[in-house]
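Engineer: Supplied structure: work18.json, JSON, C-alpha atoms.
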[["chain", "number", "residue", "atom", "x", "y", "z"],
["A", 1, "MET", "CA", 106.68, 76.33, 106.98],
["A", 2, "SER", "CA", 104.95, 77.85, 103.95],
["A", 3, "LYS", "CA", 106.50, 80.41, 101.61],
["A", 4, "LEU", "CA", 104.07, 83.00, 102.93],
["A", 5, "GLU", "CA", 105.17, 82.41, 106.52],
["A", 6, "ILE", "CA", 108.84, 82.62, 105.51],
["A", 7, "ARG", "CA", 108.15, 85.89, 103.68],
["A", 8, "LYS", "CA", 106.40, 87.31, 106.74],
["A", 9, "LEU", "CA", 109.29, 86.36, 109.03],
["A", 10, "LEU", "CA", 111.71, 87.97, 106.58],
["A", 11, "GLN", "CA", 109.57, 91.13, 106.76],
["A", 12, "VAL", "CA", 109.94, 91.12, 110.54],
["A", 13, "LEU", "CA", 113.72, 90.71, 110.26],
["A", 14, "LEU", "CA", 114.02, 93.41, 107.58],
["A", 15, "GLY", "CA", 111.85, 95.86, 109.52],
["A", 16, "THR", "CA", 113.80, 95.22, 112.72],
["A", 17, "SER", "CA", 117.08, 95.74, 110.83],
["A", 18, "PHE", "CA", 115.88, 99.07, 109.42],
["A", 19, "ILE", "CA", 114.87, 100.32, 112.87],
["A", 20, "SER", "CA", 118.15, 99.18, 114.42],
["A", 21, "LEU", "CA", 120.05, 101.01, 111.70],
["A", 22, "ALA", "CA", 117.93, 104.14, 112.24],
["A", 23, "VAL", "CA", 118.55, 104.16, 116.00],
["A", 24, "THR", "CA", 122.27, 103.61, 115.45],
["A", 25, "LEU", "CA", 122.46, 106.46, 112.92],
["A", 26, "LEU", "CA", 120.90, 108.82, 115.45],
["A", 27, "ILE", "CA", 123.09, 107.66, 118.32],
["A", 28, "THR", "CA", 126.31, 108.00, 116.34],
["A", 29, "ALA", "CA", 125.33, 111.37, 114.83],
["A", 30, "HIS", "CA", 124.96, 112.92, 118.32],
["A", 31, "LYS", "CA", 122.16, 115.22, 117.11],
["A", 32, "GLY", "CA", 119.32, 113.83, 119.21],
["A", 33, "ALA", "CA", 118.16, 110.24, 119.75],
["A", 34, "ASP", "CA", 114.89, 108.64, 118.65],
["A", 35, "THR", "CA", 111.82, 109.30, 120.76],
["A", 36, "ILE", "CA", 111.81, 106.05, 122.78],
["A", 37, "SER", "CA", 115.51, 106.45, 123.57],
["A", 38, "ILE", "CA", 114.86, 110.01, 124.83],
["A", 39, "PHE", "CA", 112.18, 108.64, 127.16],
["A", 40, "LEU", "CA", 114.49, 105.89, 128.39],
["A", 41, "LEU", "CA", 117.41, 108.30, 128.92],
["A", 42, "GLY", "CA", 115.10, 110.37, 131.11],
["A", 43, "ILE", "CA", 114.15, 107.28, 133.12],
["A", 44, "LEU", "CA", 117.84, 106.50, 133.60],
["A", 45, "ASN", "CA", 118.21, 109.83, 135.40],
["A", 46, "ILE", "CA", 115.93, 108.38, 138.09],
["A", 47, "PHE", "CA", 116.88, 104.71, 138.12],
["A", 48, "ASP", "CA", 120.51, 103.61, 138.01],
["A", 49, "ILE", "CA", 120.11, 100.73, 135.55],
["A", 50, "PRO", "CA", 121.74, 99.93, 132.20],
["A", 51, "PHE", "CA", 120.07, 101.29, 129.06],
["A", 52, "TRP", "CA", 119.32, 97.79, 127.73],
["A", 53, "VAL", "CA", 117.53, 96.88, 130.98],
["A", 54, "ALA", "CA", 115.39, 100.03, 130.76],
["A", 55, "SER", "CA", 114.60, 99.18, 127.13],
["A", 56, "LEU", "CA", 113.66, 95.61, 128.00],
["A", 57, "LEU", "CA", 111.43, 96.70, 130.90],
["A", 58, "PHE", "CA", 109.75, 99.31, 128.69],
["A", 59, "ASN", "CA", 108.94, 96.67, 126.08],
["A", 60, "ILE", "CA", 107.65, 94.21, 128.67],
["A", 61, "ILE", "CA", 105.36, 96.78, 130.32],
["A", 62, "ILE", "CA", 103.88, 98.06, 127.04],
["A", 63, "LEU", "CA", 103.43, 94.56, 125.62],
["A", 64, "CYS", "CA", 101.67, 93.49, 128.85],
["A", 65, "ILE", "CA", 99.28, 96.42, 128.49],
["A", 66, "VAL", "CA", 98.60, 95.46, 124.88],
["A", 67, "ALA", "CA", 98.15, 91.80, 125.86],
["A", 68, "ILE", "CA", 95.40, 92.77, 128.32],
["A", 69, "PHE", "CA", 93.37, 94.64, 125.71],
["A", 70, "ASN", "CA", 94.25, 92.96, 122.41],
["A", 71, "ARG", "CA", 96.48, 89.88, 122.51],
["A", 72, "LYS", "CA", 96.20, 89.54, 118.72],
["A", 73, "GLU", "CA", 98.75, 92.32, 118.32],
["A", 74, "LEU", "CA", 101.44, 90.08, 119.84],
["A", 75, "GLY", "CA", 103.29, 87.25, 118.11],
["A", 76, "ILE", "CA", 106.69, 85.89, 117.17],
["A", 77, "GLY", "CA", 107.53, 89.25, 115.61],
["A", 78, "SER", "CA", 107.16, 90.96, 118.99],
["A", 79, "PHE", "CA", 109.91, 88.77, 120.43],
["A", 80, "ILE", "CA", 112.15, 88.91, 117.34],
["A", 81, "ASN", "CA", 111.99, 92.69, 117.42],
["A", 82, "GLY", "CA", 112.48, 92.91, 121.18],
["A", 83, "LEU", "CA", 115.67, 90.85, 121.08],
["A", 84, "GLY", "CA", 116.87, 91.78, 117.60],
["A", 85, "LEU", "CA", 116.97, 95.54, 118.11],
["A", 86, "GLY", "CA", 119.48, 95.43, 120.93],
["A", 87, "LEU", "CA", 121.66, 92.81, 119.25],
["A", 88, "LEU", "CA", 121.76, 94.63, 115.92],
["A", 89, "ILE", "CA", 122.45, 98.02, 117.51],
["A", 90, "GLY", "CA", 125.34, 96.37, 119.33],
["A", 91, "ILE", "CA", 126.70, 95.19, 115.97],
["A", 92, "PHE", "CA", 126.05, 98.40, 114.00],
["A", 93, "GLU", "CA", 127.21, 100.98, 116.55],
["A", 94, "PRO", "CA", 130.99, 100.28, 116.69],
["A", 95, "VAL", "CA", 131.20, 100.21, 112.89],
["A", 96, "MET", "CA", 129.16, 103.35, 112.34],
["A", 97, "ASP", "CA", 130.97, 105.17, 115.14],
["A", 98, "GLN", "CA", 134.17, 104.75, 113.14],
["A", 99, "VAL", "CA", 132.47, 105.84, 109.91],
["A", 100, "SER", "CA", 130.98, 108.97, 111.55],
["A", 101, "VAL", "CA", 134.43, 110.28, 112.52],
["A", 102, "ASN", "CA", 135.64, 110.29, 108.92],
["A", 103, "ILE", "CA", 132.63, 111.82, 107.14],
["A", 104, "SER", "CA", 131.84, 115.50, 107.76],
["A", 105, "TRP", "CA", 128.27, 115.30, 106.43],
["A", 106, "TYR", "CA", 127.43, 112.18, 108.48],
["A", 107, "PRO", "CA", 125.25, 114.02, 111.08],
["A", 108, "ILE", "CA", 123.06, 115.67, 108.43],
["A", 109, "PHE", "CA", 122.74, 112.42, 106.49],
["A", 110, "SER", "CA", 121.82, 110.54, 109.67],
["A", 111, "ILE", "CA", 119.08, 112.85, 110.90],
["A", 112, "LEU", "CA", 117.48, 112.89, 107.44],
["A", 113, "VAL", "CA", 117.71, 109.16, 106.70],
["A", 114, "ALA", "CA", 117.08, 107.69, 110.18],
["A", 115, "PRO", "CA", 113.40, 108.75, 110.50],
["A", 116, "ILE", "CA", 112.67, 107.31, 107.05],
["A", 117, "LEU", "CA", 114.30, 104.00, 107.95],
["A", 118, "PHE", "CA", 112.45, 103.97, 111.28],
["A", 119, "GLY", "CA", 109.01, 104.64, 109.78],
["A", 120, "VAL", "CA", 109.47, 102.24, 106.85],
["A", 121, "GLY", "CA", 110.95, 99.55, 109.11],
["A", 122, "ALA", "CA", 108.05, 99.78, 111.55],
["A", 123, "GLY", "CA", 105.55, 99.60, 108.69],
["A", 124, "ILE", "CA", 107.28, 96.59, 107.14],
["A", 125, "TYR", "CA", 107.25, 94.40, 110.22],
["A", 126, "VAL", "CA", 103.83, 95.51, 111.52],
["A", 127, "SER", "CA", 102.27, 94.76, 108.13],
["A", 128, "SER", "CA", 103.63, 91.20, 108.36],
["A", 129, "ASN", "CA", 100.98, 90.56, 111.05],
["A", 130, "LYS", "CA", 103.47, 88.43, 113.00],
["A", 131, "GLY", "CA", 103.24, 90.59, 116.10],
["A", 132, "SER", "CA", 104.25, 94.16, 116.75],
["A", 133, "ALA", "CA", 106.92, 95.65, 118.96],
["A", 134, "ALA", "CA", 105.87, 97.68, 121.99],
["A", 135, "LEU", "CA", 105.14, 101.15, 120.61],
["A", 136, "GLU", "CA", 103.73, 99.89, 117.31],
["A", 137, "ALA", "CA", 101.47, 97.45, 119.18],
["A", 138, "LEU", "CA", 100.23, 100.31, 121.36],
["A", 139, "THR", "CA", 99.70, 102.43, 118.23],
["A", 140, "GLN", "CA", 97.58, 99.67, 116.65],
["A", 141, "LEU", "CA", 95.61, 99.18, 119.89],
["A", 142, "ILE", "CA", 94.70, 102.87, 120.09],
["A", 143, "PHE", "CA", 93.92, 102.91, 116.34],
["A", 144, "LYS", "CA", 91.41, 100.09, 116.70],
["A", 145, "HIS", "CA", 89.63, 101.79, 119.61],
["A", 146, "THR", "CA", 89.53, 105.38, 118.34],
["A", 147, "ASN", "CA", 88.75, 107.36, 115.19],
["A", 148, "LEU", "CA", 92.30, 108.70, 115.02],
["A", 149, "SER", "CA", 94.68, 107.97, 112.13],
["A", 150, "LEU", "CA", 97.86, 105.92, 112.56],
["A", 151, "LYS", "CA", 99.85, 109.05, 111.76],
["A", 152, "VAL", "CA", 98.23, 111.13, 114.50],
["A", 153, "ILE", "CA", 98.47, 108.36, 117.10],
["A", 154, "ARG", "CA", 102.15, 107.67, 116.41],
["A", 155, "MET", "CA", 103.04, 111.36, 116.39],
["A", 156, "GLY", "CA", 101.19, 111.77, 119.70],
["A", 157, "LEU", "CA", 103.00, 108.83, 121.31],
["A", 158, "ASP", "CA", 106.36, 110.05, 120.00],
["A", 159, "ALA", "CA", 105.71, 113.56, 121.33],
["A", 160, "THR", "CA", 104.70, 112.12, 124.72],
["A", 161, "MET", "CA", 107.93, 110.09, 124.90],
["A", 162, "VAL", "CA", 109.98, 113.20, 124.20],
["A", 163, "ILE", "CA", 108.09, 115.44, 126.65],
["A", 164, "VAL", "CA", 108.42, 112.90, 129.48],
["A", 165, "GLY", "CA", 112.10, 112.27, 128.66],
["A", 166, "MET", "CA", 112.87, 116.01, 128.56],
["A", 167, "SER", "CA", 111.05, 116.62, 131.84],
["A", 168, "LEU", "CA", 113.28, 113.96, 133.40],
["A", 169, "GLY", "CA", 116.44, 115.63, 132.08],
["A", 170, "ALA", "CA", 117.14, 113.78, 128.84],
["A", 171, "PRO", "CA", 118.91, 115.85, 126.16],
["A", 172, "ILE", "CA", 117.22, 116.28, 122.78],
["A", 173, "GLY", "CA", 118.41, 117.51, 119.40],
["A", 174, "ILE", "CA", 117.21, 118.31, 115.91],
["A", 175, "GLY", "CA", 117.16, 114.57, 115.09],
["A", 176, "THR", "CA", 114.62, 114.00, 117.87],
["A", 177, "LEU", "CA", 112.30, 116.72, 116.58],
["A", 178, "ILE", "CA", 112.50, 115.39, 113.02],
["A", 179, "CYS", "CA", 111.61, 111.92, 114.34],
["A", 180, "VAL", "CA", 108.52, 113.26, 116.14],
["A", 181, "VAL", "CA", 107.03, 114.86, 113.02],
["A", 182, "THR", "CA", 108.09, 112.34, 110.36],
["A", 183, "ILE", "CA", 108.06, 108.77, 111.71],
["A", 184, "GLY", "CA", 104.26, 108.69, 112.13],
["A", 185, "PRO", "CA", 103.38, 109.77, 108.57],
["A", 186, "ILE", "CA", 106.05, 107.48, 107.06],
["A", 187, "PHE", "CA", 104.81, 104.55, 109.18],
["A", 188, "GLU", "CA", 101.20, 105.17, 108.07],
["A", 189, "LYS", "CA", 102.16, 105.47, 104.38],
["A", 190, "THR", "CA", 104.22, 102.26, 104.51],
["A", 191, "MET", "CA", 101.33, 100.40, 106.16],
["A", 192, "LYS", "CA", 98.93, 101.60, 103.46],
["A", 193, "VAL", "CA", 101.28, 100.52, 100.68],
["A", 194, "LEU", "CA", 101.99, 97.08, 102.13],
["A", 195, "ASN", "CA", 98.55, 96.46, 103.62],
["A", 196, "PRO", "CA", 95.94, 98.50, 101.68],
["A", 197, "THR", "CA", 93.04, 97.07, 103.70],
["A", 198, "ASN", "CA", 94.17, 99.03, 106.81]]
For the file at hand, write its structure as structure tokens.

Structural biologist:
Amino acid sequence: MSKLEIRKLLQVLLGTSFISLAVTLLITAHKGADTISIFLLGILNIFDIPFWVASLLFNIIILCIVAIFNRKELGIGSFINGLGLGLLIGIFEPVMDQVSVNISWYPIFSILVAPILFGVGAGIYVSSNKGSAALEALTQLIFKHTNLSLKVIRMGLDATMVIVGMSLGAPIGIGTLICVVTIGPIFEKTMKVLNPTN
């Protein structure tokens, strides 16, 4: 394996780690989850299945849609991210749950830092070109078939996730709203920095 390939795989791992940390910060702050989690929590009000099963099914369905229209968006990174997110959240959550109890400013810190980590993390692993995770792959698919910017597409998808989740009874918070308006622009900026040709 070449140094370039190793670097790209490390990008995937780093990006996945950032997103896992972001999701865990939001979960443990109890001020509103990320947009995909809001959607999935709404789905769980209809179907009595574990959260991780809902997350896995969501990824499979979206990646299948992307595979039909643009298989190039999928790769080893898609699978690393799909498995890595759940595993890392499982590792981070118990530790950060303990930390959150002892720090009074933890919720504010979390809702400000989590969207940055999420947007940067998504940009890092998507720019590796080793395959995108579900929502990022869908974002890229729409980007390549429309005149819309990455920022607008991602914000639209995030808003859709939240609206559907809310309509199905999922609770939202200030952290959710911050995610909707900030992840897209941060994702686009990170992509432009790491991959100026996009």

Engineer: Each residue of stretch 58-147 of chain A with at least one atom at most 10 Å from stretch 34-44 of chain A should appear once, together with its nearest atom pair and the corresponding distance in Å (one decimal); atoms considered: all atoms listed in the file; ordering: chain, then increasing residue number; output as a tab-separated table.

Structural biologist:
residue	atom	partner	partner_atom	distance
A:Phe58	CA	A:Leu40	CA	8.1
A:Ile111	CA	A:Asp34	CA	9.8
A:Ala114	CA	A:Asp34	CA	8.8
A:Pro115	CA	A:Asp34	CA	8.3
A:Phe118	CA	A:Asp34	CA	9.1
A:Leu135	CA	A:Ile36	CA	8.6

Engineer: Might you pull out every residue within 7 Å of A:Thr24, with only C-alpha atoms counted and same-chain residues fewer than 4 positions away left off, and present them as a list in words?

Structural biologist: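 Everything that qualifies: Ser20, Thr28, Ile89, Phe92 and Glu93 of chain A.
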
Engineer: Closest to A:Phe109 among A:Leu194, A:Ala29, A:Leu141, A:Ser2, using only C-alpha atoms?

Structural biologist: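 Distance minimum relative to A:Phe109 lands on A:Ala29.
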
Engineer: Calculate how many Å separate atom CA of A:Thr182 from atom CA of A:Val113, rounding to one decimal.

Structural biologist: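 We find that atom CA of A:Thr182 and atom CA of A:Val113 lie 10.8 Å from each other.
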
Engineer: Using only C-alpha atoms, which residue out of A:Pro50, A:Val180, A:Asn70, A:Gly75 lies closest to A:Phe143?

Structural biologist: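 Using only C-alpha atoms, the shortest distance to A:Phe143 belongs to A:Asn70.
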
Engineer: Measure the distance from atom CA of A:Gln11 to atom CA of A:Asn81 in Å and round it to one decimal.

Structural biologist: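 Atom CA of A:Asn81 lies 11.0 Å from atom CA of A:Gln11.
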
Engineer: Which of these residues is nearest to A:Gly175, using only C-alpha atoms: A:Ser104, A:Ser17, A:Asn59, A:Ser110?

Structural biologist: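 Checking each of A:Ser104, A:Ser17, A:Asn59, A:Ser110 against A:Gly175, counting only C-alpha atoms, the winner is A:Ser110.
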
Engineer: Pick from A:Leu21, A:Gly123, A:Gly32, A:Leu157: nearest to A:Gly90, with all atoms listed in the file counted?

Structural biologist: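 The shortest atom-to-atom distance to A:Gly90 comes from A:Leu21.
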
Engineer: Counting all atoms listed in the file, find the residues whose atoms lie at most 7 Å from (96.1, 95.2, 115.8) (file coordinates) and write them out as a ChimeraX atom specification.

Structural biologist: /A:72-73,137,140-141,144

Engineer: Please identify all polymer residues lying at most 9 Å from the point (103.0, 91.6, 125.9) (file coordinates), using all atoms listed in the file, and present the result as a list in words.

Structural biologist: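 Looking at atoms near the point gives Asn59, Ile60, Ile61, Ile62, Leu63, Cys64, Ile65, Val66, Ala67, Ile68, Arg71, Glu73, Leu74, Gly75, Ser78, Ala133 and Ala134 of chain A.
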
Engineer: Please, what distance in Å, to one decimal, runs between atom CA of A:Thr160 and atom CA of A:Ala122?

Structural biologist: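 The value is 18.4 Å.
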
Engineer: Is there a way to complete stretch 112-136 of chain A with N, CA and C atoms and then write that out as a PDB file, in the coordinates of the input?

Structural biologist:
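This is the output file result37.pdb:
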ATOM      1  N   LEU A 112     118.441 112.912 108.544  1.00  0.00           N
ATOM      2  CA  LEU A 112     117.480 112.890 107.440  1.00  0.00           C
ATOM      3  C   LEU A 112     117.048 111.471 107.083  1.00  0.00           C
ATOM      4  N   VAL A 113     117.988 110.543 107.124  1.00  0.00           N
ATOM      5  CA  VAL A 113     117.710 109.160 106.700  1.00  0.00           C
ATOM      6  C   VAL A 113     117.096 108.318 107.827  1.00  0.00           C
ATOM      7  N   ALA A 114     117.527 108.533 109.056  1.00  0.00           N
ATOM      8  CA  ALA A 114     117.080 107.690 110.180  1.00  0.00           C
ATOM      9  C   ALA A 114     115.558 107.665 110.353  1.00  0.00           C
ATOM     10  N   PRO A 115     114.854 108.813 110.331  1.00  0.00           N
ATOM     11  CA  PRO A 115     113.400 108.750 110.500  1.00  0.00           C
ATOM     12  C   PRO A 115     112.696 107.972 109.379  1.00  0.00           C
ATOM     13  N   ILE A 116     113.247 108.059 108.172  1.00  0.00           N
ATOM     14  CA  ILE A 116     112.670 107.310 107.050  1.00  0.00           C
ATOM     15  C   ILE A 116     112.837 105.814 107.289  1.00  0.00           C
ATOM     16  N   LEU A 117     114.054 105.412 107.652  1.00  0.00           N
ATOM     17  CA  LEU A 117     114.300 104.000 107.950  1.00  0.00           C
ATOM     18  C   LEU A 117     113.422 103.504 109.090  1.00  0.00           C
ATOM     19  N   PHE A 118     113.250 104.344 110.114  1.00  0.00           N
ATOM     20  CA  PHE A 118     112.450 103.970 111.280  1.00  0.00           C
ATOM     21  C   PHE A 118     110.993 103.752 110.884  1.00  0.00           C
ATOM     22  N   GLY A 119     110.418 104.732 110.178  1.00  0.00           N
ATOM     23  CA  GLY A 119     109.010 104.640 109.780  1.00  0.00           C
ATOM     24  C   GLY A 119     108.747 103.498 108.821  1.00  0.00           C
ATOM     25  N   VAL A 120     109.617 103.338 107.821  1.00  0.00           N
ATOM     26  CA  VAL A 120     109.470 102.240 106.850  1.00  0.00           C
ATOM     27  C   VAL A 120     109.664 100.900 107.543  1.00  0.00           C
ATOM     28  N   GLY A 121     110.689 100.806 108.394  1.00  0.00           N
ATOM     29  CA  GLY A 121     110.950  99.550 109.110  1.00  0.00           C
ATOM     30  C   GLY A 121     109.780  99.132 109.970  1.00  0.00           C
ATOM     31  N   ALA A 122     109.216 100.089 110.712  1.00  0.00           N
ATOM     32  CA  ALA A 122     108.050  99.780 111.550  1.00  0.00           C
ATOM     33  C   ALA A 122     106.882  99.314 110.704  1.00  0.00           C
ATOM     34  N   GLY A 123     106.650  99.989 109.586  1.00  0.00           N
ATOM     35  CA  GLY A 123     105.550  99.600 108.690  1.00  0.00           C
ATOM     36  C   GLY A 123     105.748  98.224 108.093  1.00  0.00           C
ATOM     37  N   ILE A 124     106.988  97.898 107.747  1.00  0.00           N
ATOM     38  CA  ILE A 124     107.280  96.590 107.140  1.00  0.00           C
ATOM     39  C   ILE A 124     106.967  95.460 108.105  1.00  0.00           C
ATOM     40  N   TYR A 125     107.463  95.556 109.344  1.00  0.00           N
ATOM     41  CA  TYR A 125     107.250  94.400 110.220  1.00  0.00           C
ATOM     42  C   TYR A 125     105.849  94.366 110.816  1.00  0.00           C
ATOM     43  N   VAL A 126     105.208  95.530 111.015  1.00  0.00           N
ATOM     44  CA  VAL A 126     103.830  95.510 111.520  1.00  0.00           C
ATOM     45  C   VAL A 126     102.887  94.944 110.467  1.00  0.00           C
ATOM     46  N   SER A 127     103.134  95.266 109.201  1.00  0.00           N
ATOM     47  CA  SER A 127     102.270  94.760 108.130  1.00  0.00           C
ATOM     48  C   SER A 127     102.427  93.256 107.900  1.00  0.00           C
ATOM     49  N   SER A 128     103.460  92.647 108.474  1.00  0.00           N
ATOM     50  CA  SER A 128     103.630  91.200 108.360  1.00  0.00           C
ATOM     51  C   SER A 128     102.598  90.446 109.199  1.00  0.00           C
ATOM     52  N   ASN A 129     101.979  91.167 110.152  1.00  0.00           N
ATOM     53  CA  ASN A 129     100.980  90.560 111.050  1.00  0.00           C
ATOM     54  C   ASN A 129     101.549  89.386 111.853  1.00  0.00           C
ATOM     55  N   LYS A 130     102.836  89.466 112.180  1.00  0.00           N
ATOM     56  CA  LYS A 130     103.470  88.430 113.000  1.00  0.00           C
ATOM     57  C   LYS A 130     103.702  88.912 114.425  1.00  0.00           C
ATOM     58  N   GLY A 131     103.076  90.030 114.761  1.00  0.00           N
ATOM     59  CA  GLY A 131     103.240  90.590 116.100  1.00  0.00           C
ATOM     60  C   GLY A 131     104.056  91.864 116.047  1.00  0.00           C
ATOM     61  N   SER A 132     103.597  92.859 116.761  1.00  0.00           N
ATOM     62  CA  SER A 132     104.250  94.160 116.750  1.00  0.00           C
ATOM     63  C   SER A 132     105.154  94.346 117.955  1.00  0.00           C
ATOM     64  N   ALA A 133     106.106  95.243 117.815  1.00  0.00           N
ATOM     65  CA  ALA A 133     106.920  95.650 118.960  1.00  0.00           C
ATOM     66  C   ALA A 133     106.083  96.585 119.822  1.00  0.00           C
ATOM     67  N   ALA A 134     106.641  96.986 120.956  1.00  0.00           N
ATOM     68  CA  ALA A 134     105.870  97.680 121.990  1.00  0.00           C
ATOM     69  C   ALA A 134     105.104  98.902 121.487  1.00  0.00           C
ATOM     70  N   LEU A 135     105.806  99.903 120.968  1.00  0.00           N
ATOM     71  CA  LEU A 135     105.140 101.150 120.610  1.00  0.00           C
ATOM     72  C   LEU A 135     104.204 100.977 119.418  1.00  0.00           C
ATOM     73  N   GLU A 136     104.586 100.134 118.470  1.00  0.00           N
ATOM     74  CA  GLU A 136     103.730  99.890 117.310  1.00  0.00           C
ATOM     75  C   GLU A 136     102.472  99.120 117.717  1.00  0.00           C
TER      76      GLU A 136
END
